[in-house]
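Asker: Here you go, work.tsv (TSV, C-alpha atoms):
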```tsv
chain	number	residue	atom	x	y	z
A	19	MET	CA	0.00	0.00	0.00
A	20	GLU	CA	1.53	3.34	-1.08
A	21	VAL	CA	1.01	6.34	1.17
A	22	ASP	CA	1.07	9.94	-0.07
A	23	TYR	CA	3.37	11.82	2.30
A	24	LEU	CA	3.45	15.58	2.76
A	25	PHE	CA	7.27	15.52	2.70
A	26	GLN	CA	9.79	13.13	1.18
A	27	ILE	CA	13.15	11.84	2.40
A	28	GLY	CA	15.77	14.52	1.72
A	29	ASP	CA	13.35	17.45	1.96
A	30	ASN	CA	14.59	20.52	3.85
A	31	ILE	CA	12.06	21.72	6.43
A	32	VAL	CA	11.64	24.29	9.19
A	33	TYR	CA	10.26	23.24	12.56
A	34	PRO	CA	9.07	26.29	14.56
A	35	MET	CA	11.09	26.93	17.74
A	36	HIS	CA	13.67	24.33	16.62
A	37	GLY	CA	15.03	25.67	13.33
A	38	ALA	CA	15.74	23.93	10.05
A	39	GLY	CA	16.39	20.27	9.39
A	40	VAL	CA	16.37	17.52	6.80
A	41	ILE	CA	13.94	14.60	6.56
A	42	LYS	CA	16.25	11.58	6.91
A	43	ALA	CA	13.69	8.77	6.95
A	44	ILE	CA	10.05	7.79	7.20
A	45	GLU	CA	9.75	4.90	9.62
A	46	GLU	CA	7.04	2.83	11.21
A	47	LYS	CA	7.45	2.66	14.98
A	48	GLU	CA	5.50	1.15	17.83
A	49	ILE	CA	5.39	3.47	20.82
A	50	SER	CA	3.24	2.66	23.85
A	51	GLY	CA	1.47	-0.08	21.88
A	52	ASP	CA	0.51	2.28	19.06
A	53	THR	CA	2.05	1.76	15.62
A	54	GLN	CA	2.46	4.88	13.46
A	55	GLN	CA	4.50	6.28	10.60
A	56	TYR	CA	7.05	8.89	11.69
A	57	TYR	CA	9.21	11.42	9.92
A	58	VAL	CA	12.76	11.26	11.24
A	59	ILE	CA	14.22	14.76	11.02
A	60	LYS	CA	17.87	15.66	11.53
A	61	MET	CA	17.90	19.16	13.01
A	62	LEU	CA	20.81	21.49	12.23
A	63	ILE	CA	20.74	23.20	15.64
A	64	GLY	CA	21.98	20.95	18.40
A	65	ASN	CA	22.63	18.09	15.99
A	66	MET	CA	19.56	16.22	17.27
A	67	GLU	CA	17.04	13.90	15.64
A	68	VAL	CA	13.32	14.47	16.03
A	69	MET	CA	10.53	12.01	15.23
A	70	ILE	CA	7.11	13.40	14.36
A	71	PRO	CA	4.06	11.29	13.44
A	72	THR	CA	3.21	11.82	9.77
A	73	GLY	CA	-0.35	12.74	10.75
A	74	LYS	CA	0.85	15.58	12.99
A	75	MET	CA	2.98	17.44	10.44
A	76	LEU	CA	0.34	20.00	9.51
A	77	SER	CA	-0.64	20.77	13.10
A	78	SER	CA	3.03	21.17	14.07
A	79	CYS	CA	3.38	24.01	11.50
A	80	ILE	CA	6.39	22.35	9.87
A	81	ARG	CA	6.98	23.85	6.44
A	82	PRO	CA	9.44	23.62	3.55
A	83	VAL	CA	12.52	25.83	3.62
A	84	THR	CA	12.01	29.24	1.96
A	85	ASP	CA	13.31	29.65	-1.57
A	86	ILE	CA	15.78	32.27	-2.81
A	87	VAL	CA	13.01	34.41	-4.38
A	88	ALA	CA	11.08	34.74	-1.10
A	89	LEU	CA	14.36	35.40	0.70
A	90	LYS	CA	14.95	38.58	-1.33
A	91	HIS	CA	11.62	39.96	-0.08
A	92	ILE	CA	12.50	39.02	3.50
A	93	ILE	CA	15.90	40.72	3.21
A	94	HIS	CA	14.16	43.89	2.04
A	95	ILE	CA	11.87	43.81	5.10
A	96	PHE	CA	14.86	43.05	7.32
A	97	GLN	CA	16.76	46.08	6.06
A	98	HIS	CA	13.93	48.57	5.57
A	99	GLY	CA	11.03	47.52	7.79
A	100	GLU	CA	9.84	49.57	10.73
A	101	SER	CA	10.38	48.52	14.34
A	102	ASP	CA	7.97	49.19	17.18
A	103	SER	CA	10.27	50.16	20.04
A	104	LEU	CA	7.62	51.83	22.16
A	105	GLN	CA	6.24	48.62	23.68
A	106	ALA	CA	7.02	47.63	27.25
A	107	TRP	CA	9.58	44.81	27.32
A	108	LYS	CA	7.09	42.18	28.61
A	109	GLN	CA	4.66	42.98	25.81
A	110	ARG	CA	7.50	43.04	23.25
A	111	TYR	CA	8.78	39.70	24.56
A	112	LYS	CA	5.35	38.09	24.13
A	113	VAL	CA	4.92	39.50	20.62
A	114	ASN	CA	8.39	38.29	19.63
A	115	THR	CA	7.82	34.84	21.15
A	116	ASP	CA	4.55	34.52	19.22
A	117	LYS	CA	6.36	35.50	16.01
A	118	ILE	CA	9.05	32.87	16.51
A	119	LYS	CA	6.42	30.20	17.26
A	120	THR	CA	4.84	30.72	13.83
A	121	GLY	CA	7.93	29.30	12.17
A	122	ASN	CA	7.54	31.95	9.47
A	123	MET	CA	10.93	33.17	8.24
A	124	GLN	CA	9.68	36.74	7.83
A	125	ASP	CA	8.41	36.83	11.42
A	126	CYS	CA	11.72	35.46	12.71
A	127	ALA	CA	13.67	37.98	10.62
A	128	GLU	CA	11.56	40.79	12.11
A	129	VAL	CA	12.41	39.61	15.64
A	130	VAL	CA	16.12	39.55	14.80
A	131	ARG	CA	15.92	42.97	13.10
A	132	ASP	CA	14.05	44.61	15.97
A	133	LEU	CA	16.24	43.16	18.72
A	134	MET	CA	19.44	44.00	16.82
A	135	ARG	CA	18.24	47.60	16.43
A	136	MET	CA	17.42	47.78	20.14
A	137	LYS	CA	20.81	46.30	21.03
A	138	LYS	CA	22.50	49.21	19.23
A	139	GLU	CA	20.55	51.68	21.36
A	140	LYS	CA	20.72	50.00	24.75
A	141	ILE	CA	21.72	46.81	26.53
A	142	LEU	CA	19.18	44.02	26.10
A	143	ASN	CA	17.97	42.21	29.20
A	144	THR	CA	18.96	38.56	29.62
A	145	SER	CA	15.69	37.20	28.21
A	146	GLU	CA	15.90	39.32	25.08
A	147	LYS	CA	19.59	38.46	24.56
A	148	LYS	CA	18.66	34.77	24.65
A	149	MET	CA	15.72	35.39	22.32
A	150	LEU	CA	17.97	37.21	19.85
A	151	ASP	CA	20.51	34.36	19.92
A	152	ASN	CA	17.77	31.75	19.39
A	153	ALA	CA	16.08	33.72	16.60
A	154	GLN	CA	19.43	34.23	14.84
A	155	ASN	CA	20.18	30.50	15.13
A	156	PHE	CA	16.75	29.57	13.72
A	157	LEU	CA	17.16	32.03	10.87
A	158	THR	CA	20.73	30.95	10.09
A	159	SER	CA	19.78	27.26	10.10
A	160	GLU	CA	17.17	27.96	7.41
A	161	LEU	CA	19.47	30.23	5.41
A	162	GLU	CA	22.04	27.41	5.29
A	163	LEU	CA	19.53	25.15	3.51
A	164	ILE	CA	18.29	27.60	0.88
A	165	LYS	CA	19.50	26.57	-2.54
A	166	GLY	CA	21.52	29.26	-4.28
A	167	ILE	CA	22.69	31.19	-1.22
A	168	THR	CA	26.37	31.40	-0.31
A	169	GLU	CA	28.00	31.48	3.11
A	170	LYS	CA	29.14	35.05	2.39
A	171	GLN	CA	25.53	36.10	1.72
A	172	ILE	CA	24.41	34.47	4.98
A	173	LYS	CA	27.03	36.40	6.95
A	174	SER	CA	26.06	39.66	5.25
A	175	PHE	CA	22.43	39.14	6.30
A	176	TYR	CA	23.29	40.26	9.82
```
Reformat the file's structure so that it appears as C-alpha cells.

Answerer:
Amino acid sequence: MEVDYLFQIGDNIVYPMHGAGVIKAIEEKEISGDTQQYYVIKMLIGNMEVMIPTGKMLSSCIRPVTDIVALKHIIHIFQHGESDSLQAWKQRYKVNTDKIKTGNMQDCAEVVRDLMRMKKEKILNTSEKKMLDNAQNFLTSELELIKGITEKQIKSFY
C-alpha cells in the first residue's frame, strides 16, 4: 500500500522553535502499543534527531525551507522595515515569542531585526539576549539550507 506523504526523504524543512532540518527517513514505529508512521528529522541546531508522526505534520506548523526568491523579499523587510520600540519589554517579549512560534521566516527575521536595532541603542535584558541568539540560530539554520545562497551572503544578512 503506497502512502502519499506531505514531505519526502531529503526534503529541507523548518520546525518552529527548533530551526531547520532535513527529513532523513520515514519509519514505522510502535510506541506505547501504538504503531504509526514517523518522519525522522535531523535538526541542524543541536545536531539532534526528532521524530514526528506523519499525521501531525500540519498541526506542528512544519513547512518547507524558503526559496531564494522569497528570501529577497524578506531581506528587504529586514533592512527597511519599521520597528515598534515603544512597547514595554514584557509585551514586546510576548509578541516576539509569538512571532518565533509561527515558524515563518519573515516573522523570525523581524524579531532579529528589531532586537538588533534595540541592542544598538541599549543593553538588552537577559531574556531578550537569549531570544535574539535563538532567533538568529533559527534564521541561520534555514538560510544554510536555501539553494543558491552562499555562506558570504548568509554572513552579510546580519

Asker: Near range 135-144 of chain A, within 12 Å and counting all atoms listed in the file, which residues show up once chain neighbours fewer than 2 positions away are dropped, as number ranges by chain?

Answerer: A: 96-105, 107-108, 110-111, 128-133, 146-151, 176

Asker: With C-alpha atoms kept, could you save the residues just selected as an mmCIF file, in the coordinates of the input?

Answerer:
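Generated output (again_28.cif):
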```
data_model
loop_
_atom_site.group_PDB
_atom_site.id
_atom_site.type_symbol
_atom_site.label_atom_id
_atom_site.label_comp_id
_atom_site.auth_asym_id
_atom_site.auth_seq_id
_atom_site.Cartn_x
_atom_site.Cartn_y
_atom_site.Cartn_z
ATOM 1 C CA PHE A 96 14.860 43.050 7.320
ATOM 2 C CA GLN A 97 16.760 46.080 6.060
ATOM 3 C CA HIS A 98 13.930 48.570 5.570
ATOM 4 C CA GLY A 99 11.030 47.520 7.790
ATOM 5 C CA GLU A 100 9.840 49.570 10.730
ATOM 6 C CA SER A 101 10.380 48.520 14.340
ATOM 7 C CA ASP A 102 7.970 49.190 17.180
ATOM 8 C CA SER A 103 10.270 50.160 20.040
ATOM 9 C CA LEU A 104 7.620 51.830 22.160
ATOM 10 C CA GLN A 105 6.240 48.620 23.680
ATOM 11 C CA TRP A 107 9.580 44.810 27.320
ATOM 12 C CA LYS A 108 7.090 42.180 28.610
ATOM 13 C CA ARG A 110 7.500 43.040 23.250
ATOM 14 C CA TYR A 111 8.780 39.700 24.560
ATOM 15 C CA GLU A 128 11.560 40.790 12.110
ATOM 16 C CA VAL A 129 12.410 39.610 15.640
ATOM 17 C CA VAL A 130 16.120 39.550 14.800
ATOM 18 C CA ARG A 131 15.920 42.970 13.100
ATOM 19 C CA ASP A 132 14.050 44.610 15.970
ATOM 20 C CA LEU A 133 16.240 43.160 18.720
ATOM 21 C CA GLU A 146 15.900 39.320 25.080
ATOM 22 C CA LYS A 147 19.590 38.460 24.560
ATOM 23 C CA LYS A 148 18.660 34.770 24.650
ATOM 24 C CA MET A 149 15.720 35.390 22.320
ATOM 25 C CA LEU A 150 17.970 37.210 19.850
ATOM 26 C CA ASP A 151 20.510 34.360 19.920
ATOM 27 C CA TYR A 176 23.290 40.260 9.820
#
```

Asker: Work out how far apart CA of Gln124 in chain A and CA of Val32 in chain A are and give it in Å to one decimal.

Answerer: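 Distance reported for this atom pair: 12.7 Å.
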
Asker: Rank nothing, just name the residue among A:Ile92, A:Gly51, A:Tyr56, A:Ile31 nearest to Ile80 in chain A, using all atoms listed in the file.

Answerer: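 Using all atoms listed in the file, Ile80 in chain A sits closest to A:Ile31.
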
Asker: Could you state the separation of CA of Asp29 in chain A and CA of Ile49 in chain A in Å, given to one decimal place?

Answerer: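 Answer for the CA of Asp29 in chain A to CA of Ile49 in chain A separation: 24.8 Å.
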
Asker: Give me, as number ranges by chain, all polymer residues having an atom no more than 10 Å from range 57-68 of chain A, counting only C-alpha atoms and skipping those fewer than 3 positions away in the same chain.

Answerer: A: 23, 25-33, 36-46, 71-75, 152, 155-156, 158-160, 162-163

Asker: Select, from A:Ile172, A:Val87, A:Val113, A:Leu161, the residue with the minimum atom-to-atom distance to Asp125 in chain A, counting all atoms listed in the file.

Answerer: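 When distances to Asp125 in chain A are compared using all atoms listed in the file, the smallest one comes from A:Val113.
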
Asker: Choose the residue, out of A:Gln55, A:Ser77, A:Asn114, A:Asn122, that has the smallest atom-to-atom separation from Leu89 in chain A; count all atoms listed in the file.

Answerer: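 Answer, going by the shortest atom-to-atom distance: A:Asn122.
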
Asker: Give the answer as one residue: which of A:Met35, A:Cys126, A:Ile70, A:Ile164 has the shortest atom-to-atom distance to Lys47 in chain A, using all atoms listed in the file?

Answerer: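 Among the listed residues, A:Ile70 lies closest to Lys47 in chain A.
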